[in-house]
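Engineer: File name my_file-v6.csv; file contents CSV, C-alpha atoms; full text below.
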```csv
chain,number,residue,atom,x,y,z
A,1,MET,CA,-9.3,12.4,-49.4
A,2,THR,CA,-11.0,14.8,-51.9
A,3,GLU,CA,-14.6,15.8,-52.3
A,4,ALA,CA,-14.5,14.2,-55.8
A,5,GLN,CA,-13.7,10.8,-54.2
A,6,VAL,CA,-16.6,11.2,-51.8
A,7,TRP,CA,-19.0,12.0,-54.7
A,8,ALA,CA,-17.6,9.0,-56.6
A,9,ALA,CA,-18.3,6.7,-53.6
A,10,LEU,CA,-21.9,8.1,-53.3
A,11,ALA,CA,-22.5,7.5,-57.0
A,12,GLU,CA,-22.2,3.8,-56.2
A,13,VAL,CA,-25.0,3.9,-53.6
A,14,PRO,CA,-28.3,2.7,-55.2
A,15,ASP,CA,-31.7,4.0,-54.3
A,16,PRO,CA,-33.1,1.2,-52.2
A,17,GLU,CA,-36.5,1.2,-54.0
A,18,ILE,CA,-35.3,1.8,-57.5
A,19,PRO,CA,-31.8,0.4,-57.5
A,20,VAL,CA,-31.1,1.2,-61.2
A,21,VAL,CA,-30.5,4.8,-60.1
A,22,SER,CA,-28.0,6.0,-57.5
A,23,VAL,CA,-28.5,8.7,-54.8
A,24,VAL,CA,-26.3,11.0,-57.0
A,25,ASP,CA,-28.5,10.3,-60.1
A,26,LEU,CA,-31.5,11.3,-58.0
A,27,GLY,CA,-29.9,14.5,-56.9
A,28,VAL,CA,-30.6,14.0,-53.2
A,29,VAL,CA,-27.0,14.7,-52.3
A,30,ARG,CA,-27.0,18.4,-51.9
A,31,ASP,CA,-23.4,19.1,-50.8
A,32,VAL,CA,-20.2,17.3,-49.8
A,33,LYS,CA,-17.5,18.9,-47.7
A,34,VAL,CA,-14.2,17.3,-46.6
A,35,GLU,CA,-12.3,19.0,-43.8
A,36,ASN,CA,-9.6,17.6,-41.6
A,37,GLY,CA,-10.2,14.0,-42.7
A,38,ARG,CA,-14.0,14.3,-42.0
A,39,ALA,CA,-16.6,14.1,-44.7
A,40,HIS,CA,-19.9,16.0,-44.2
A,41,VAL,CA,-22.7,15.0,-46.6
A,42,GLU,CA,-26.0,17.0,-46.9
A,43,PHE,CA,-28.9,14.8,-48.0
A,44,THR,CA,-32.4,16.0,-48.9
A,45,PRO,CA,-35.1,13.3,-48.8
A,46,THR,CA,-37.3,12.9,-51.9
A,47,PHE,CA,-40.6,12.5,-50.0
A,48,LEU,CA,-40.6,13.1,-46.2
A,49,GLY,CA,-42.5,9.8,-45.6
A,50,CYS,CA,-40.1,7.8,-47.7
A,51,PRO,CA,-39.4,4.6,-45.7
A,52,ALA,CA,-36.0,4.2,-47.4
A,53,LEU,CA,-34.7,7.4,-45.8
A,54,GLU,CA,-32.7,5.8,-43.0
A,55,VAL,CA,-31.4,3.0,-45.3
A,56,MET,CA,-30.2,5.7,-47.8
A,57,ARG,CA,-28.6,7.7,-45.0
A,58,ASP,CA,-26.8,4.6,-43.5
A,59,GLN,CA,-25.7,3.3,-46.9
A,60,MET,CA,-24.2,6.7,-47.8
A,61,ALA,CA,-22.4,6.9,-44.4
A,62,ALA,CA,-21.0,3.4,-44.8
A,63,SER,CA,-19.8,3.9,-48.4
A,64,VAL,CA,-18.0,7.1,-47.4
A,65,ALA,CA,-16.6,5.5,-44.3
A,66,ALA,CA,-15.2,2.7,-46.5
A,67,LEU,CA,-12.9,5.4,-48.0
A,68,GLY,CA,-11.3,5.6,-44.5
A,69,VAL,CA,-12.7,8.9,-43.4
A,70,GLU,CA,-15.2,9.7,-40.7
A,71,ALA,CA,-18.5,10.3,-42.3
A,72,GLU,CA,-21.5,12.4,-41.2
A,73,VAL,CA,-24.7,12.5,-43.2
A,74,GLU,CA,-27.0,15.3,-42.4
A,75,VAL,CA,-30.7,15.1,-43.4
A,76,VAL,CA,-31.8,18.6,-44.6
A,77,LEU,CA,-35.6,19.2,-44.2
A,78,ASP,CA,-36.2,22.0,-46.6
A,79,ASP,CA,-37.5,22.5,-50.1
A,80,SER,CA,-34.1,22.3,-51.9
A,81,TRP,CA,-34.8,19.0,-53.5
A,82,SER,CA,-36.9,18.9,-56.6
A,83,THR,CA,-37.4,16.2,-59.3
A,84,ASP,CA,-35.6,18.7,-61.5
A,85,ARG,CA,-32.5,17.6,-59.7
A,86,ILE,CA,-32.6,14.1,-61.1
A,87,THR,CA,-29.7,14.1,-63.6
A,88,GLY,CA,-30.0,13.5,-67.3
A,89,GLU,CA,-28.4,10.1,-66.8
A,90,GLY,CA,-30.8,9.3,-63.9
A,91,ARG,CA,-33.8,10.1,-66.1
A,92,GLU,CA,-32.5,7.8,-68.9
A,93,LYS,CA,-31.9,5.0,-66.4
A,94,LEU,CA,-35.5,5.4,-65.1
A,95,ARG,CA,-36.9,5.4,-68.6
A,96,ALA,CA,-35.0,2.2,-69.4
A,97,ALA,CA,-36.3,0.5,-66.3
A,98,GLY,CA,-39.9,1.3,-67.3
A,99,PHE,CA,-40.6,4.4,-65.2
A,100,SER,CA,-41.6,7.6,-67.0
A,101,PRO,CA,-39.4,10.4,-65.7
A,102,PRO,CA,-41.0,13.5,-64.0
A,103,ALA,CA,-42.2,16.5,-66.0
A,104,PRO,CA,-40.2,19.7,-65.2
A,105,ARG,CA,-41.2,21.7,-62.3
A,106,GLU,CA,-43.1,24.9,-63.3
A,107,ALA,CA,-43.8,28.1,-61.5
A,108,ALA,CA,-47.4,27.0,-60.8
A,109,THR,CA,-48.0,23.8,-58.9
A,110,PRO,CA,-49.1,20.7,-60.9
A,111,THR,CA,-52.9,20.3,-61.4
A,112,LEU,CA,-55.2,17.4,-62.0
A,113,VAL,CA,-56.0,18.8,-65.5
A,114,GLN,CA,-52.3,18.5,-66.4
A,115,LEU,CA,-52.0,14.9,-65.0
A,116,GLU,CA,-55.1,14.0,-67.0
A,117,SER,CA,-53.7,15.6,-70.2
A,118,ASN,CA,-51.7,13.9,-72.9
A,119,GLY,CA,-48.3,15.4,-71.8
A,120,PHE,CA,-46.9,12.2,-70.6
A,121,ARG,CA,-45.1,9.7,-72.7
A,122,CYS,CA,-45.2,5.9,-72.4
A,123,PRO,CA,-41.7,4.7,-71.5
A,124,TYR,CA,-42.2,1.5,-73.5
A,125,CYS,CA,-43.5,2.7,-76.9
A,126,GLY,CA,-43.1,6.5,-76.7
A,127,SER,CA,-46.8,7.2,-77.3
A,128,ARG,CA,-48.5,10.2,-75.7
A,129,ASP,CA,-51.8,8.5,-75.8
A,130,THR,CA,-51.7,7.7,-72.1
A,131,SER,CA,-54.2,8.2,-69.3
A,132,LEU,CA,-54.0,8.8,-65.6
A,133,GLU,CA,-55.1,5.7,-63.6
A,134,ASN,CA,-54.3,6.9,-60.1
A,135,ILE,CA,-52.6,10.0,-58.7
A,136,PHE,CA,-51.0,7.7,-56.2
A,137,GLY,CA,-48.9,4.6,-56.8
A,138,PRO,CA,-46.7,1.9,-55.1
A,139,THR,CA,-44.5,4.6,-53.5
A,140,PRO,CA,-45.3,8.3,-52.7
A,141,CYS,CA,-43.2,9.5,-55.6
A,142,ARG,CA,-45.1,7.8,-58.4
A,143,SER,CA,-48.5,7.9,-60.1
A,144,LEU,CA,-50.0,5.2,-62.2
A,145,ARG,CA,-50.7,5.7,-65.9
A,146,TYR,CA,-51.9,3.4,-68.8
A,147,CYS,CA,-50.8,3.5,-72.4
A,148,ARG,CA,-53.7,3.1,-74.8
A,149,SER,CA,-51.3,2.4,-77.7
A,150,CYS,CA,-49.3,-0.5,-76.3
A,151,LYS,CA,-51.9,-1.4,-73.6
A,152,GLN,CA,-49.2,-1.3,-70.9
A,153,PRO,CA,-49.6,0.2,-67.5
A,154,PHE,CA,-46.6,2.2,-66.2
A,155,GLU,CA,-45.4,4.3,-63.4
A,156,GLN,CA,-45.0,8.1,-63.8
A,157,PHE,CA,-42.7,10.0,-61.4
A,158,LYS,CA,-44.6,12.9,-59.8
A,159,THR,CA,-43.2,16.4,-60.3
A,160,ILE,CA,-42.0,17.8,-57.0
B,1,MET,CA,-42.9,25.3,-23.7
B,2,SER,CA,-42.0,27.8,-26.4
B,3,GLU,CA,-44.8,29.0,-28.7
B,4,ARG,CA,-42.8,27.5,-31.6
B,5,ALA,CA,-42.7,24.1,-30.0
B,6,GLN,CA,-46.4,24.3,-29.2
B,7,LEU,CA,-47.2,25.1,-32.8
B,8,LEU,CA,-45.0,22.4,-34.2
B,9,LEU,CA,-46.6,19.8,-31.9
B,10,ALA,CA,-50.1,20.9,-32.8
B,11,ILE,CA,-49.5,20.4,-36.5
B,12,ALA,CA,-47.4,17.3,-36.1
B,13,ASP,CA,-50.1,15.7,-33.9
B,14,ASP,CA,-52.7,16.5,-36.5
B,15,GLU,CA,-50.7,14.9,-39.3
B,16,LEU,CA,-49.8,11.8,-37.2
B,17,VAL,CA,-53.3,11.1,-36.0
B,18,LEU,CA,-54.9,11.8,-39.5
B,19,GLY,CA,-52.2,9.6,-41.0
B,20,TRP,CA,-53.3,6.7,-38.7
B,21,ARG,CA,-57.0,7.3,-39.5
B,22,ASP,CA,-56.2,7.4,-43.3
B,23,SER,CA,-54.3,4.1,-42.9
B,24,GLU,CA,-57.4,2.4,-41.6
B,25,TRP,CA,-58.6,2.2,-45.2
B,26,THR,CA,-55.5,0.1,-46.2
B,27,GLY,CA,-56.9,-3.1,-47.5
B,28,ILE,CA,-60.6,-2.2,-47.2
B,29,ALA,CA,-61.1,1.0,-49.3
B,30,PRO,CA,-64.1,0.8,-51.7
B,31,PHE,CA,-61.8,0.0,-54.6
B,32,LEU,CA,-58.1,-0.7,-55.3
B,33,GLU,CA,-57.1,2.8,-56.5
B,34,GLU,CA,-58.4,4.3,-53.2
B,35,ASP,CA,-56.7,1.6,-51.2
B,36,VAL,CA,-53.4,2.7,-52.8
B,37,ALA,CA,-54.3,6.4,-52.6
B,38,PHE,CA,-55.2,6.5,-48.9
B,39,SER,CA,-52.2,4.3,-48.0
B,40,SER,CA,-49.9,6.7,-49.8
B,41,ILE,CA,-51.6,9.8,-48.3
B,42,ALA,CA,-51.3,8.2,-44.8
B,43,GLN,CA,-47.6,7.5,-45.4
B,44,ASN,CA,-47.0,11.2,-46.4
B,45,GLU,CA,-48.9,12.6,-43.4
B,46,ILE,CA,-46.9,10.5,-41.0
B,47,GLY,CA,-43.7,11.5,-42.8
B,48,HIS,CA,-44.7,15.2,-42.3
B,49,ALA,CA,-45.4,14.5,-38.7
B,50,ARG,CA,-42.0,12.9,-38.3
B,51,ALA,CA,-40.2,15.9,-39.8
B,52,LEU,CA,-42.2,18.4,-37.6
B,53,TYR,CA,-41.5,16.3,-34.5
B,54,GLU,CA,-37.8,16.3,-35.3
B,55,LEU,CA,-37.8,20.2,-35.3
B,56,ALA,CA,-39.8,20.2,-32.0
B,57,ALA,CA,-37.6,17.5,-30.5
B,58,ARG,CA,-34.5,19.7,-31.1
B,59,ASP,CA,-36.1,22.6,-29.2
B,60,LEU,CA,-37.3,20.3,-26.4
B,61,GLY,CA,-34.3,18.1,-26.0
B,62,THR,CA,-36.0,14.9,-26.8
B,63,THR,CA,-36.6,12.6,-29.9
B,64,ALA,CA,-39.3,12.5,-32.5
B,65,ASP,CA,-40.4,9.0,-31.4
B,66,GLU,CA,-40.7,10.1,-27.8
B,67,LEU,CA,-42.9,13.0,-28.9
B,68,ALA,CA,-45.0,10.8,-31.2
B,69,PHE,CA,-45.6,7.8,-28.9
B,70,ASP,CA,-44.6,8.4,-25.3
B,71,ARG,CA,-47.0,11.1,-24.3
B,72,LYS,CA,-50.4,10.5,-22.6
B,73,PRO,CA,-53.5,11.0,-24.8
B,74,GLU,CA,-54.4,14.2,-23.0
B,75,GLU,CA,-51.0,15.7,-23.8
B,76,TYR,CA,-51.6,15.5,-27.6
B,77,ARG,CA,-52.5,18.8,-29.2
B,78,CYS,CA,-54.4,17.6,-32.3
B,79,ALA,CA,-57.7,18.9,-33.3
B,80,GLN,CA,-60.9,16.8,-32.9
B,81,LEU,CA,-61.5,16.7,-36.6
B,82,VAL,CA,-58.5,14.3,-37.2
B,83,GLU,CA,-59.4,12.1,-34.2
B,84,LEU,CA,-62.7,10.9,-35.3
B,85,ARG,CA,-62.9,7.3,-36.5
B,86,LEU,CA,-64.9,7.6,-39.8
B,87,PRO,CA,-65.6,4.1,-41.2
B,88,ASP,CA,-67.9,5.5,-43.9
B,89,TRP,CA,-66.5,6.8,-47.1
B,90,GLU,CA,-68.6,10.0,-47.5
B,91,ARG,CA,-67.4,11.2,-44.0
B,92,THR,CA,-63.8,10.2,-44.7
B,93,ILE,CA,-63.9,12.2,-48.0
B,94,ALA,CA,-65.6,15.2,-46.3
B,95,ARG,CA,-62.9,15.3,-43.7
B,96,HIS,CA,-60.2,14.9,-46.3
B,97,TYR,CA,-61.6,17.8,-48.3
B,98,LEU,CA,-62.1,20.1,-45.3
B,99,TYR,CA,-58.7,19.2,-43.8
B,100,GLU,CA,-56.7,19.6,-47.0
B,101,ALA,CA,-58.2,23.1,-47.6
B,102,ALA,CA,-57.4,24.3,-44.0
B,103,ASP,CA,-53.9,22.7,-44.2
B,104,ALA,CA,-53.2,24.6,-47.4
B,105,ASP,CA,-54.0,27.9,-45.7
B,106,ARG,CA,-51.9,26.9,-42.7
B,107,LEU,CA,-48.9,25.9,-44.9
B,108,GLY,CA,-49.2,29.1,-46.8
B,109,ARG,CA,-48.8,31.1,-43.6
B,110,LEU,CA,-45.9,29.0,-42.4
B,111,LYS,CA,-44.1,29.4,-45.8
B,112,ALA,CA,-44.3,33.2,-45.3
B,113,SER,CA,-43.0,32.9,-41.7
B,114,ASP,CA,-39.7,34.6,-40.6
B,115,ASP,CA,-38.7,31.3,-39.1
B,116,GLU,CA,-36.6,30.0,-42.0
B,117,GLU,CA,-36.4,26.5,-40.8
B,118,LEU,CA,-40.1,26.2,-40.4
B,119,ALA,CA,-40.8,28.0,-43.7
B,120,GLY,CA,-38.4,25.7,-45.5
B,121,LEU,CA,-40.0,22.5,-44.1
B,122,ALA,CA,-43.5,23.9,-44.8
B,123,ALA,CA,-42.5,24.5,-48.5
B,124,LYS,CA,-41.4,20.9,-48.8
B,125,ILE,CA,-44.6,19.6,-47.1
B,126,ASP,CA,-46.7,21.8,-49.4
B,127,ARG,CA,-45.1,20.2,-52.6
B,128,GLU,CA,-46.4,16.8,-51.4
B,129,GLU,CA,-49.8,18.2,-50.3
B,130,VAL,CA,-50.5,19.4,-53.8
B,131,TYR,CA,-51.3,15.8,-54.7
B,132,HIS,CA,-53.5,15.3,-51.7
B,133,ARG,CA,-55.5,18.4,-52.6
B,134,MET,CA,-55.9,17.2,-56.2
B,135,HIS,CA,-57.2,13.9,-54.8
B,136,ALA,CA,-59.6,15.7,-52.4
B,137,GLU,CA,-60.9,18.0,-55.1
B,138,MET,CA,-61.4,15.1,-57.5
B,139,TRP,CA,-63.6,13.4,-54.9
B,140,PHE,CA,-65.4,16.7,-54.1
B,141,ASP,CA,-66.4,17.0,-57.7
B,142,ARG,CA,-67.7,13.5,-57.9
B,143,LEU,CA,-69.8,13.7,-54.7
B,144,LYS,CA,-70.8,17.3,-54.4
B,145,ASP,CA,-74.4,16.7,-55.3
B,146,GLU,CA,-74.8,13.5,-53.2
B,147,PRO,CA,-77.0,14.2,-50.1
B,148,ARG,CA,-75.0,11.9,-47.9
B,149,PHE,CA,-71.8,13.7,-48.7
B,150,THR,CA,-73.2,17.2,-48.3
B,151,ALA,CA,-74.7,16.1,-44.9
B,152,ALA,CA,-71.2,14.8,-43.9
B,153,LEU,CA,-69.6,18.2,-44.9
B,154,GLU,CA,-72.2,20.1,-42.8
B,155,GLU,CA,-71.6,17.7,-39.8
B,156,LEU,CA,-67.8,18.1,-39.8
B,157,ARG,CA,-67.5,21.7,-40.9
B,158,PRO,CA,-67.8,23.2,-37.4
B,159,LEU,CA,-64.6,21.3,-36.4
B,160,VAL,CA,-62.4,22.8,-39.2
B,161,ASP,CA,-61.6,26.2,-37.6
B,162,ALA,CA,-59.5,24.5,-35.0
B,163,ILE,CA,-57.2,23.2,-37.7
B,164,SER,CA,-56.2,26.7,-38.7
B,165,ASP,CA,-56.2,28.1,-35.1
B,166,PRO,CA,-54.8,25.8,-32.4
B,167,GLY,CA,-56.1,28.4,-29.9
B,168,LEU,CA,-59.6,27.0,-30.6
B,169,ARG,CA,-58.7,23.5,-29.5
B,170,SER,CA,-60.0,22.3,-26.2
B,171,GLY,CA,-60.3,18.7,-25.1
B,172,HIS,CA,-60.3,15.5,-27.1
B,173,THR,CA,-62.9,13.1,-28.4
B,174,PRO,CA,-63.0,9.6,-26.7
B,175,GLU,CA,-61.8,8.3,-30.0
B,176,LEU,CA,-58.3,9.7,-29.5
B,177,ALA,CA,-57.7,7.6,-26.4
B,178,GLU,CA,-58.9,4.5,-28.3
B,179,LEU,CA,-56.5,5.3,-31.2
B,180,TRP,CA,-53.7,6.0,-28.7
B,181,GLU,CA,-54.0,2.4,-27.3
B,182,VAL,CA,-53.4,1.0,-30.8
B,183,MET,CA,-50.8,3.6,-32.0
B,184,THR,CA,-48.6,3.2,-28.9
B,185,GLU,CA,-49.1,-0.5,-28.2
B,186,VAL,CA,-45.7,-1.6,-29.7
B,187,ARG,CA,-43.7,1.0,-27.9
B,188,ARG,CA,-45.5,0.4,-24.6
B,189,SER,CA,-44.9,-3.4,-24.8
B,190,GLN,CA,-41.2,-3.1,-25.5
B,191,PRO,CA,-39.0,-5.2,-23.2
B,192,PRO,CA,-36.6,-3.1,-21.0
B,193,GLY,CA,-33.4,-2.1,-22.9
B,194,THR,CA,-35.0,-2.1,-26.3
B,195,THR,CA,-33.4,0.5,-28.6
B,196,TRP,CA,-35.0,1.8,-31.8
```
Would you write out, as structure tokens, the structure that this file holds?
Structural biologist:
Amino acid sequence: MTEAQVWAALAEVPDPEIPVVSVVDLGVVRDVKVENGRAHVEFTPTFLGCPALEVMRDQMAASVAALGVEAEVEVVLDDSWSTDRITGEGREKLRAAGFSPPAPREAATPTLVQLESNGFRCPYCGSRDTSLENIFGPTPCRSLRYCRSCKQPFEQFKTI
Amino acid sequence: MSERAQLLLAIADDELVLGWRDSEWTGIAPFLEEDVAFSSIAQNEIGHARALYELAARDLGTTADELAFDRKPEEYRCAQLVELRLPDWERTIARHYLYEAADADRLGRLKASDDEELAGLAAKIDREEVYHRMHAEMWFDRLKDEPRFTAALEELRPLVDAISDPGLRSGHTPELAELWEVMTEVRRSQPPGTTW
């Protein structure tokens, strides 16, 4: 059993709320170690209140255990996850599913003025003529925006 | 109990109880955007409480759920500001604004702490709280000249110092015991042998 095999198994575990992306696409798997036939996976939650946290942890453990090794998934409660860890492939999958990927994390924290600016692109038509409808959305990780060009509401990933 | 565990419980209890109070707007906020916003904020605060309880539970040899739901109301360490049931919008927004500012200061201090575990968790919580502060400040700008809102700020302001300094906390409002009845009802009614 190699660490690459564990990563490959984790790449098949979908995010329970946005199943087009895997936990590896999201960048929530921080580290994988295989020692003496045991796999240890470090997992950082996206948002601490994410109701899918236990489901993700259990699905990761089950998919690794299916390789025939003992699996331990440790939830790491620190600031090491950022939306910058979402992979390029993950961002493309999000866009294709109608979610606008997060803006890059900057040194300064995001501001309302930024969210109300035209820096966000509609995932359907590509226009930047979009407005903030609500800082909050259907899950903690998303905001709601509206595209004035194609008249389509869409969900924007928050930068974390 | 160690000073660290006492501090973790004080903050976790603030976040849990405020999360419950915020969730009381789910379904009945003045308009749909705020229904979504307060539900999401409530979910975040309860998530923060859970993570803080998990650190405390490790120190105390118990579980996050036991800390959150199996103590008596008088054993909670939350500040009175978060306990109040505020069914009017101007007071809810006034509390939100005062709490988020005090919580930002508190998180800033924790992020600078020598306790790496606590500093790391505080940094994660603060990333999420940025969006709560944006929301609170947006509402402050909208309401800052409304007499009902400024009166609510004046009414609640004396309670805010206890958020920053748990040493200033003494006793609870009667509203905490009422909330506790609702918050712990499911756990207290569990048949023997239930596992979570």
Engineer: Pick from B:Glu155, B:Ser164, B:Ser170, B:Glu90: nearest to B:Pro30, with all atoms listed in the file counted?
Structural biologist: B:Glu90
Engineer: If you count all atoms listed in the file, which residues fall within 7 Å of stretch 73-88 of chain A, apart from same-chain ones fewer than 4 positions away, as a PyMOL selection string?
Structural biologist: (chain A and resi 25-28+40-44+46+57+61+92+102+104-105+159-160) or (chain B and resi 120-121+123-124)
Engineer: At a cut-off of 10 Å, list the chain B residues touching chain A, using only C-alpha atoms, as JSON, numbers by chain.
Structural biologist: {"B": [32, 33, 34, 35, 36, 37, 38, 39, 40, 41, 42, 43, 44, 45, 46, 47, 48, 49, 50, 51, 52, 54, 55, 116, 117, 118, 119, 120, 121, 122, 123, 124, 125, 126, 127, 128, 130, 131, 132, 133, 134, 135, 137, 138]}
Engineer: Keeping only C-alpha atoms, take the residues you just selected and write them out as an mmCIF file, keeping the file's coordinate frame.
Structural biologist:
```cif
data_model
loop_
_atom_site.group_PDB
_atom_site.id
_atom_site.type_symbol
_atom_site.label_atom_id
_atom_site.label_comp_id
_atom_site.auth_asym_id
_atom_site.auth_seq_id
_atom_site.Cartn_x
_atom_site.Cartn_y
_atom_site.Cartn_z
ATOM 1 C CA LEU B 32 -58.100 -0.700 -55.300
ATOM 2 C CA GLU B 33 -57.100 2.800 -56.500
ATOM 3 C CA GLU B 34 -58.400 4.300 -53.200
ATOM 4 C CA ASP B 35 -56.700 1.600 -51.200
ATOM 5 C CA VAL B 36 -53.400 2.700 -52.800
ATOM 6 C CA ALA B 37 -54.300 6.400 -52.600
ATOM 7 C CA PHE B 38 -55.200 6.500 -48.900
ATOM 8 C CA SER B 39 -52.200 4.300 -48.000
ATOM 9 C CA SER B 40 -49.900 6.700 -49.800
ATOM 10 C CA ILE B 41 -51.600 9.800 -48.300
ATOM 11 C CA ALA B 42 -51.300 8.200 -44.800
ATOM 12 C CA GLN B 43 -47.600 7.500 -45.400
ATOM 13 C CA ASN B 44 -47.000 11.200 -46.400
ATOM 14 C CA GLU B 45 -48.900 12.600 -43.400
ATOM 15 C CA ILE B 46 -46.900 10.500 -41.000
ATOM 16 C CA GLY B 47 -43.700 11.500 -42.800
ATOM 17 C CA HIS B 48 -44.700 15.200 -42.300
ATOM 18 C CA ALA B 49 -45.400 14.500 -38.700
ATOM 19 C CA ARG B 50 -42.000 12.900 -38.300
ATOM 20 C CA ALA B 51 -40.200 15.900 -39.800
ATOM 21 C CA LEU B 52 -42.200 18.400 -37.600
ATOM 22 C CA GLU B 54 -37.800 16.300 -35.300
ATOM 23 C CA LEU B 55 -37.800 20.200 -35.300
ATOM 24 C CA GLU B 116 -36.600 30.000 -42.000
ATOM 25 C CA GLU B 117 -36.400 26.500 -40.800
ATOM 26 C CA LEU B 118 -40.100 26.200 -40.400
ATOM 27 C CA ALA B 119 -40.800 28.000 -43.700
ATOM 28 C CA GLY B 120 -38.400 25.700 -45.500
ATOM 29 C CA LEU B 121 -40.000 22.500 -44.100
ATOM 30 C CA ALA B 122 -43.500 23.900 -44.800
ATOM 31 C CA ALA B 123 -42.500 24.500 -48.500
ATOM 32 C CA LYS B 124 -41.400 20.900 -48.800
ATOM 33 C CA ILE B 125 -44.600 19.600 -47.100
ATOM 34 C CA ASP B 126 -46.700 21.800 -49.400
ATOM 35 C CA ARG B 127 -45.100 20.200 -52.600
ATOM 36 C CA GLU B 128 -46.400 16.800 -51.400
ATOM 37 C CA VAL B 130 -50.500 19.400 -53.800
ATOM 38 C CA TYR B 131 -51.300 15.800 -54.700
ATOM 39 C CA HIS B 132 -53.500 15.300 -51.700
ATOM 40 C CA ARG B 133 -55.500 18.400 -52.600
ATOM 41 C CA MET B 134 -55.900 17.200 -56.200
ATOM 42 C CA HIS B 135 -57.200 13.900 -54.800
ATOM 43 C CA GLU B 137 -60.900 18.000 -55.100
ATOM 44 C CA MET B 138 -61.400 15.100 -57.500
#
```
Engineer: Using atom CA of A:Glu72 and atom CA of A:Val6 as the two end points, give the distance in Å to one decimal.
Structural biologist: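 Between atom CA of A:Glu72 and atom CA of A:Val6 the gap is 11.7 Å.
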Engineer: Find the spatial neighbours of stretch 184-194 of chain B, counting only C-alpha atoms, within a cut-off of 10 Å - ignore same-chain residues fewer than 6 positions away - and output them as a list in words.
Structural biologist: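 Surrounding residues, per the criterion: Asp65, Glu66, Ala68, Phe69, Asp70, Arg71 and Lys72 of chain B.
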Engineer: So that I can see what lies close to B:Glu83, please list as a PyMOL selection string the residues with an atom at most 12 Å from it, counting only C-alpha atoms and leaving out residues fewer than 6 positions away in the same chain.
Structural biologist: chain B and resi 13-22+73+76-77+92+95+99+156+159+163+171-180
Engineer: Tell me which protein, DNA and RNA residues are within 12 Å of B:Pro158, counting only C-alpha atoms, leaving out same-chain ones fewer than 3 positions away, and put them as a PyMOL selection string.
Structural biologist: chain B and resi 79-81+95+98-99+152-155+161-163+168
Engineer: Could you dump the residues just selected with C-alpha atoms as an mmCIF file, in the frame of the given file?
Structural biologist:
```cif
data_model
loop_
_atom_site.group_PDB
_atom_site.id
_atom_site.type_symbol
_atom_site.label_atom_id
_atom_site.label_comp_id
_atom_site.auth_asym_id
_atom_site.auth_seq_id
_atom_site.Cartn_x
_atom_site.Cartn_y
_atom_site.Cartn_z
ATOM 1 C CA ALA B 79 -57.700 18.900 -33.300
ATOM 2 C CA GLN B 80 -60.900 16.800 -32.900
ATOM 3 C CA LEU B 81 -61.500 16.700 -36.600
ATOM 4 C CA ARG B 95 -62.900 15.300 -43.700
ATOM 5 C CA LEU B 98 -62.100 20.100 -45.300
ATOM 6 C CA TYR B 99 -58.700 19.200 -43.800
ATOM 7 C CA ALA B 152 -71.200 14.800 -43.900
ATOM 8 C CA LEU B 153 -69.600 18.200 -44.900
ATOM 9 C CA GLU B 154 -72.200 20.100 -42.800
ATOM 10 C CA GLU B 155 -71.600 17.700 -39.800
ATOM 11 C CA ASP B 161 -61.600 26.200 -37.600
ATOM 12 C CA ALA B 162 -59.500 24.500 -35.000
ATOM 13 C CA ILE B 163 -57.200 23.200 -37.700
ATOM 14 C CA LEU B 168 -59.600 27.000 -30.600
#
```
Engineer: Can you measure atom CA of B:Asp105 to atom CA of B:Leu8 for me? One decimal in Å is fine.
Structural biologist: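 We find that atom CA of B:Asp105 and atom CA of B:Leu8 lie 15.6 Å from each other.
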Engineer: Would you list the contacts of A:Val34 as a PyMOL selection string, taking every protein, DNA or RNA residue within 6 Å and counting all atoms listed in the file, but skipping same-chain residues closer than 3 positions in sequence?
Structural biologist: chain A and resi 3+38-39
Engineer: So, counting only C-alpha atoms, which residue among B:Trp89, B:Trp196, B:Val160, B:Ala101 is closest to B:Ala64?
Structural biologist: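 Among the listed residues, the smallest separation from B:Ala64 belongs to B:Trp196.
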Engineer: Enter the distance from atom CA of B:Ala10 to atom CA of B:Ile93, in Å, rounded to one decimal.
Structural biologist: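 Distance reported for this atom pair: 22.3 Å.
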Engineer: Quick test: take stretch 93-112 of chain A, keep C-alpha atoms, and write it as an mmCIF file, in the first residue's frame.
Structural biologist:
```
data_model
loop_
_atom_site.group_PDB
_atom_site.id
_atom_site.type_symbol
_atom_site.label_atom_id
_atom_site.label_comp_id
_atom_site.auth_asym_id
_atom_site.auth_seq_id
_atom_site.Cartn_x
_atom_site.Cartn_y
_atom_site.Cartn_z
ATOM 1 C CA LYS A 93 -15.558 21.577 -12.133
ATOM 2 C CA LEU A 94 -17.217 24.175 -9.880
ATOM 3 C CA ARG A 95 -17.540 26.644 -12.731
ATOM 4 C CA ALA A 96 -19.024 23.991 -15.033
ATOM 5 C CA ALA A 97 -21.605 23.185 -12.346
ATOM 6 C CA GLY A 98 -22.692 26.847 -12.121
ATOM 7 C CA PHE A 99 -20.704 27.947 -9.069
ATOM 8 C CA SER A 100 -18.323 30.835 -9.375
ATOM 9 C CA PRO A 101 -14.958 29.795 -7.881
ATOM 10 C CA PRO A 102 -13.488 31.829 -4.996
ATOM 11 C CA ALA A 103 -11.272 34.851 -5.552
ATOM 12 C CA PRO A 104 -7.679 34.317 -4.361
ATOM 13 C CA ARG A 105 -6.926 34.983 -0.704
ATOM 14 C CA GLU A 106 -5.128 38.284 -0.210
ATOM 15 C CA ALA A 107 -3.010 39.607 2.639
ATOM 16 C CA ALA A 108 -5.891 41.768 3.842
ATOM 17 C CA THR A 109 -9.227 40.146 4.717
ATOM 18 C CA PRO A 110 -12.099 40.460 2.227
ATOM 19 C CA THR A 111 -14.325 43.527 2.526
ATOM 20 C CA LEU A 112 -17.921 44.325 1.668
#
```
